[in-house]
$ cat protein-v3.cif   # mmCIF, C-alpha atoms
data_start
#
loop_
_atom_site.group_PDB
_atom_site.id
_atom_site.type_symbol
_atom_site.label_atom_id
_atom_site.label_comp_id
_atom_site.auth_asym_id
_atom_site.auth_seq_id
_atom_site.Cartn_x
_atom_site.Cartn_y
_atom_site.Cartn_z
ATOM 1 C CA MET O 1 14.726 -20.805 -103.623
ATOM 2 C CA SER O 2 16.753 -23.711 -102.352
ATOM 3 C CA ALA O 3 18.536 -26.495 -104.168
ATOM 4 C CA GLU O 4 15.861 -28.816 -102.792
ATOM 5 C CA ASP O 5 12.864 -27.579 -104.732
ATOM 6 C CA SER O 6 9.484 -28.850 -103.782
ATOM 7 C CA TRP O 7 6.460 -29.240 -105.995
ATOM 8 C CA ASP O 8 2.986 -27.949 -105.504
ATOM 9 C CA ILE O 9 -0.397 -29.042 -106.706
ATOM 10 C CA SER O 10 -3.475 -26.860 -106.998
ATOM 11 C CA PHE O 11 -6.006 -26.646 -104.197
ATOM 12 C CA VAL O 12 -8.592 -28.447 -106.330
ATOM 13 C CA ASP O 13 -6.228 -31.408 -106.683
ATOM 14 C CA ILE O 14 -5.490 -31.356 -102.960
ATOM 15 C CA ASP O 15 -9.197 -31.331 -102.115
ATOM 16 C CA ARG O 16 -9.878 -34.302 -104.398
ATOM 17 C CA LEU O 17 -6.942 -36.256 -102.990
ATOM 18 C CA GLN O 18 -7.928 -35.396 -99.414
ATOM 19 C CA GLU O 19 -11.499 -36.590 -99.952
ATOM 20 C CA LYS O 20 -10.242 -39.892 -101.328
ATOM 21 C CA MET O 21 -7.726 -40.269 -98.507
ATOM 22 C CA MET O 22 -10.463 -39.752 -95.905
ATOM 23 C CA ARG O 23 -12.469 -42.634 -97.381
ATOM 24 C CA ILE O 24 -9.662 -45.098 -96.611
ATOM 25 C CA PRO O 25 -7.595 -43.448 -93.861
ATOM 26 C CA GLU O 26 -5.863 -46.683 -92.846
ATOM 27 C CA LEU O 27 -4.685 -47.411 -96.421
ATOM 28 C CA SER O 28 -4.145 -43.979 -97.943
ATOM 29 C CA GLU O 29 -0.644 -43.372 -96.534
ATOM 30 C CA LYS O 30 0.709 -46.713 -97.778
ATOM 31 C CA THR O 31 -1.017 -46.286 -101.147
ATOM 32 C CA ILE O 32 0.439 -42.804 -101.680
ATOM 33 C CA ASN O 33 3.925 -43.861 -100.584
ATOM 34 C CA ASP O 34 3.859 -46.853 -102.969
ATOM 35 C CA ILE O 35 2.760 -44.687 -105.886
ATOM 36 C CA LEU O 36 5.369 -42.019 -105.180
ATOM 37 C CA ILE O 37 8.128 -44.623 -104.957
ATOM 38 C CA ASN O 38 7.107 -46.173 -108.274
ATOM 39 C CA SER O 39 6.500 -42.826 -110.004
ATOM 40 C CA SER O 40 9.465 -40.866 -108.783
ATOM 41 C CA GLU O 41 12.301 -43.360 -108.934
ATOM 42 C CA VAL O 42 12.866 -43.338 -112.692
ATOM 43 C CA ARG O 43 10.582 -40.850 -114.387
ATOM 44 C CA VAL O 44 11.207 -37.675 -112.376
ATOM 45 C CA PRO O 45 15.031 -37.717 -112.640
ATOM 46 C CA GLN O 46 14.734 -38.613 -116.323
ATOM 47 C CA THR O 47 12.459 -35.622 -116.965
ATOM 48 C CA MET O 48 14.827 -33.330 -115.077
ATOM 49 C CA ARG O 49 17.834 -34.594 -117.018
ATOM 50 C CA GLU O 50 16.046 -33.929 -120.322
ATOM 51 C CA ILE O 51 16.277 -30.188 -119.688
ATOM 52 C CA PHE O 52 19.777 -30.110 -118.199
ATOM 53 C CA PRO O 53 21.984 -27.693 -120.075
ATOM 54 C CA ILE O 54 25.106 -29.091 -121.714
ATOM 55 C CA SER O 55 28.227 -27.003 -121.330
ATOM 56 C CA LYS O 56 30.522 -26.377 -124.253
ATOM 57 C CA ARG O 57 33.449 -28.174 -122.616
ATOM 58 C CA ASN O 58 34.290 -31.719 -123.628
ATOM 59 C CA PRO O 59 32.055 -33.852 -121.361
ATOM 60 C CA THR O 60 34.705 -36.571 -121.076
ATOM 61 C CA GLN O 61 37.494 -34.152 -120.165
ATOM 62 C CA PRO O 62 38.957 -34.817 -116.694
ATOM 63 C CA ILE O 63 37.699 -32.489 -113.989
ATOM 64 C CA THR O 64 39.064 -31.786 -110.539
ATOM 65 C CA LEU O 65 36.755 -32.589 -107.642
ATOM 66 C CA SER O 66 36.778 -30.754 -104.335
ATOM 67 C CA ASN O 67 39.280 -33.247 -102.896
ATOM 68 C CA ARG O 68 41.719 -32.291 -105.733
ATOM 69 C CA LYS O 69 41.354 -35.701 -107.331
ATOM 70 C CA LYS O 70 41.087 -35.653 -111.138
ATOM 71 C CA VAL O 71 38.404 -37.914 -112.518
ATOM 72 C CA THR O 72 36.650 -38.357 -115.830
ATOM 73 C CA ILE O 73 32.904 -38.398 -115.676
ATOM 74 C CA GLY O 74 30.233 -38.206 -118.328
ATOM 75 C CA HIS O 75 27.814 -35.322 -118.563
ATOM 76 C CA ALA O 76 25.023 -35.039 -116.015
ATOM 77 C CA LYS O 77 22.424 -35.055 -118.779
ATOM 78 C CA THR O 78 23.460 -38.473 -120.084
ATOM 79 C CA SER O 79 24.484 -40.063 -116.768
ATOM 80 C CA ASP O 80 22.704 -41.346 -113.699
ATOM 81 C CA SER O 81 23.364 -38.004 -112.013
ATOM 82 C CA LEU O 82 20.375 -37.687 -109.674
ATOM 83 C CA ARG O 83 19.267 -39.642 -106.637
ATOM 84 C CA VAL O 84 15.805 -39.877 -105.187
ATOM 85 C CA ARG O 85 15.337 -40.030 -101.425
ATOM 86 C CA HIS O 86 11.913 -41.241 -100.417
ATOM 87 C CA GLU O 87 10.164 -39.774 -97.417
ATOM 88 C CA ASN O 88 6.769 -40.346 -95.902
ATOM 89 C CA LEU O 89 4.259 -38.955 -98.426
ATOM 90 C CA GLY O 90 7.005 -37.374 -100.521
ATOM 91 C CA PHE O 91 10.455 -37.564 -102.041
ATOM 92 C CA THR O 92 13.506 -35.400 -102.648
ATOM 93 C CA VAL O 93 15.591 -35.335 -105.829
ATOM 94 C CA ARG O 94 19.192 -34.212 -105.429
ATOM 95 C CA PRO O 95 22.352 -34.444 -107.520
ATOM 96 C CA LYS O 96 24.688 -37.298 -106.669
ATOM 97 C CA ASP O 97 28.063 -36.284 -105.244
ATOM 98 C CA LYS O 98 29.882 -36.306 -108.596
ATOM 99 C CA TRP O 99 27.339 -33.843 -109.969
ATOM 100 C CA ARG O 100 27.060 -31.456 -107.020
ATOM 101 C CA TYR O 101 28.007 -28.626 -109.374
ATOM 102 C CA LEU O 102 24.451 -28.738 -110.803
ATOM 103 C CA VAL O 103 23.319 -26.480 -107.987
ATOM 104 C CA PHE O 104 25.332 -23.582 -109.451
ATOM 105 C CA PRO O 105 23.611 -23.273 -112.856
ATOM 106 C CA ASP O 106 20.276 -24.307 -111.340
ATOM 107 C CA LEU O 107 20.326 -21.457 -108.810
ATOM 108 C CA GLY O 108 22.379 -18.991 -110.866
ATOM 109 C CA ILE O 109 25.305 -18.960 -108.420
ATOM 110 C CA GLY O 110 28.773 -17.827 -109.491
ATOM 111 C CA TRP O 111 30.171 -15.670 -112.260
ATOM 112 C CA ARG O 112 29.692 -18.378 -114.924
ATOM 113 C CA ASN O 113 25.981 -18.674 -114.167
ATOM 114 C CA PRO O 114 24.410 -15.251 -114.740
ATOM 115 C CA PHE O 115 20.816 -16.427 -114.291
ATOM 116 C CA GLU O 116 18.830 -19.155 -112.547
ATOM 117 C CA GLN O 117 18.044 -21.949 -114.949
ATOM 118 C CA GLU O 118 15.823 -23.807 -112.455
ATOM 119 C CA PHE O 119 15.923 -27.024 -114.457
ATOM 120 C CA MET O 120 15.216 -29.095 -111.330
ATOM 121 C CA ARG O 121 12.029 -27.135 -110.580
ATOM 122 C CA ARG O 122 10.938 -27.080 -114.214
ATOM 123 C CA GLY O 123 11.489 -30.822 -114.534
ATOM 124 C CA MET O 124 9.413 -31.453 -111.426
ATOM 125 C CA GLU O 125 6.637 -29.188 -112.666
ATOM 126 C CA ARG O 126 6.389 -31.296 -115.824
ATOM 127 C CA GLU O 127 5.781 -34.420 -113.725
ATOM 128 C CA VAL O 128 3.299 -32.999 -111.185
ATOM 129 C CA PRO O 129 0.173 -33.552 -113.326
ATOM 130 C CA THR O 130 1.157 -37.153 -114.055
ATOM 131 C CA ILE O 131 1.980 -37.911 -110.426
ATOM 132 C CA THR O 132 -1.260 -36.273 -109.262
ATOM 133 C CA ALA O 133 -3.274 -38.351 -111.745
ATOM 134 C CA GLU O 134 -1.474 -41.511 -110.601
ATOM 135 C CA LEU O 135 -2.233 -40.666 -106.969
ATOM 136 C CA GLU O 136 -5.922 -40.213 -107.768
ATOM 137 C CA GLU O 137 -6.051 -43.434 -109.760
ATOM 138 C CA GLY O 138 -4.203 -45.371 -107.058
ATOM 139 C CA LEU O 139 -6.497 -44.068 -104.334
ATOM 140 C CA ASP O 140 -9.538 -44.915 -106.499
ATOM 141 C CA GLN O 141 -8.281 -48.477 -106.901
ATOM 142 C CA ALA O 142 -7.624 -48.802 -103.169
ATOM 143 C CA ILE O 143 -11.097 -47.445 -102.392
ATOM 144 C CA ASN O 144 -12.727 -49.862 -104.843
ATOM 145 C CA LYS O 145 -10.764 -52.782 -103.421
ATOM 146 C CA GLU O 146 -11.443 -51.873 -99.798
ATOM 147 C CA LEU O 147 -15.010 -50.558 -100.011
ATOM 148 C CA GLY O 148 -16.203 -51.963 -103.326
ATOM 149 C CA GLY O 149 -18.121 -50.003 -105.928
ATOM 150 C CA ILE O 150 -17.312 -46.725 -107.592
ATOM 151 C CA SER O 151 -14.978 -44.338 -105.755
ATOM 152 C CA LYS O 152 -15.948 -41.063 -107.439
#
$ encode --input "protein-v3.cif" --output "structure tokens"
Amino acid sequence: MSAEDSWDISFVDIDRLQEKMMRIPELSEKTINDILINSSEVRVPQTMREIFPISKRNPTQPITLSNRKKVTIGHAKTSDSLRVRHENLGFTVRPKDKWRYLVFPDLGIGWRNPFEQEFMRRGMEREVPTITAELEEGLDQAINKELGGISK
């Protein structure tokens, strides 16, 4: 598994979304991108941070970054530690540079991390049902606006 985990939805959800997308092919891409931007920007990183582990060290203690510069940063769980990069019909959530170390406990890399904690994947899995429902609702609204009537 990579540090850039992706999320999956069931085939039933895909089939429903695909049917709705085919009803408004010229609008579906923009509709989905708008929903993903609005859904993912705040909620997904927040859900991931909720399950971040907190180390026993003092979170305000200075740490040494890779460039040997000592800085004081807060803990990843309570800071704005993740960034969202939007793509066409998707997005990627990654740690910001100050919190690059998150990959080690997430993937279970190194002698201090004996097992994969997969908090990034688990956080994303918590949001998939909500995002899928928002995609369906957004496509329904676009269908009703474009074609009129009931979209089901």
$ closest_residue --input "protein-v3.cif" --among "O:Asp80, O:Glu50, O:Glu19, O:Glu125" --to "Asp140 in chain O" --atoms "all atoms listed in the file"
O:Glu19
$ atom_distance --input "protein-v3.cif" --atom1 "CA of Gly148 in chain O" --atom2 "CA of Pro25 in chain O"
15.4 Å
$ residues_near_point --input "protein-v3.cif" --point "(7.5, -43.1, -104.3)" --cutoff "9 Å" --atoms "only C-alpha atoms" --output "PyMOL selection string"
chain O and resi 32-41+84-91
$ atom_distance --input "protein-v3.cif" --atom1 "CA of Thr78 in chain O" --atom2 "CA of Asn113 in chain O"
20.8 Å
$ residues_around --input "protein-v3.cif" --residues "Glu116 in chain O" --least-positions-apart "3" --cutoff "9 Å" --atoms "only C-alpha atoms" --output "PyMOL selection string"
chain O and resi 104-109+113+119
$ resolve_selection --input "protein-v3.cif" --expression "the PyMOL selection byres ((chain O and resi 133) around 12)" --output "MDAnalysis selection string"
chainID O and resid 9 13:14 16:17 32 35:36 39 127:132 134:140
$ atom_distance --input "protein-v3.cif" --atom1 "CA of Tyr101 in chain O" --atom2 "CA of Arg49 in chain O"
14.1 Å
$ closest_residue --input "protein-v3.cif" --among "O:Val93, O:Leu102, O:Arg112, O:Thr31" --to "Thr47 in chain O" --atoms "only C-alpha atoms"
O:Val93
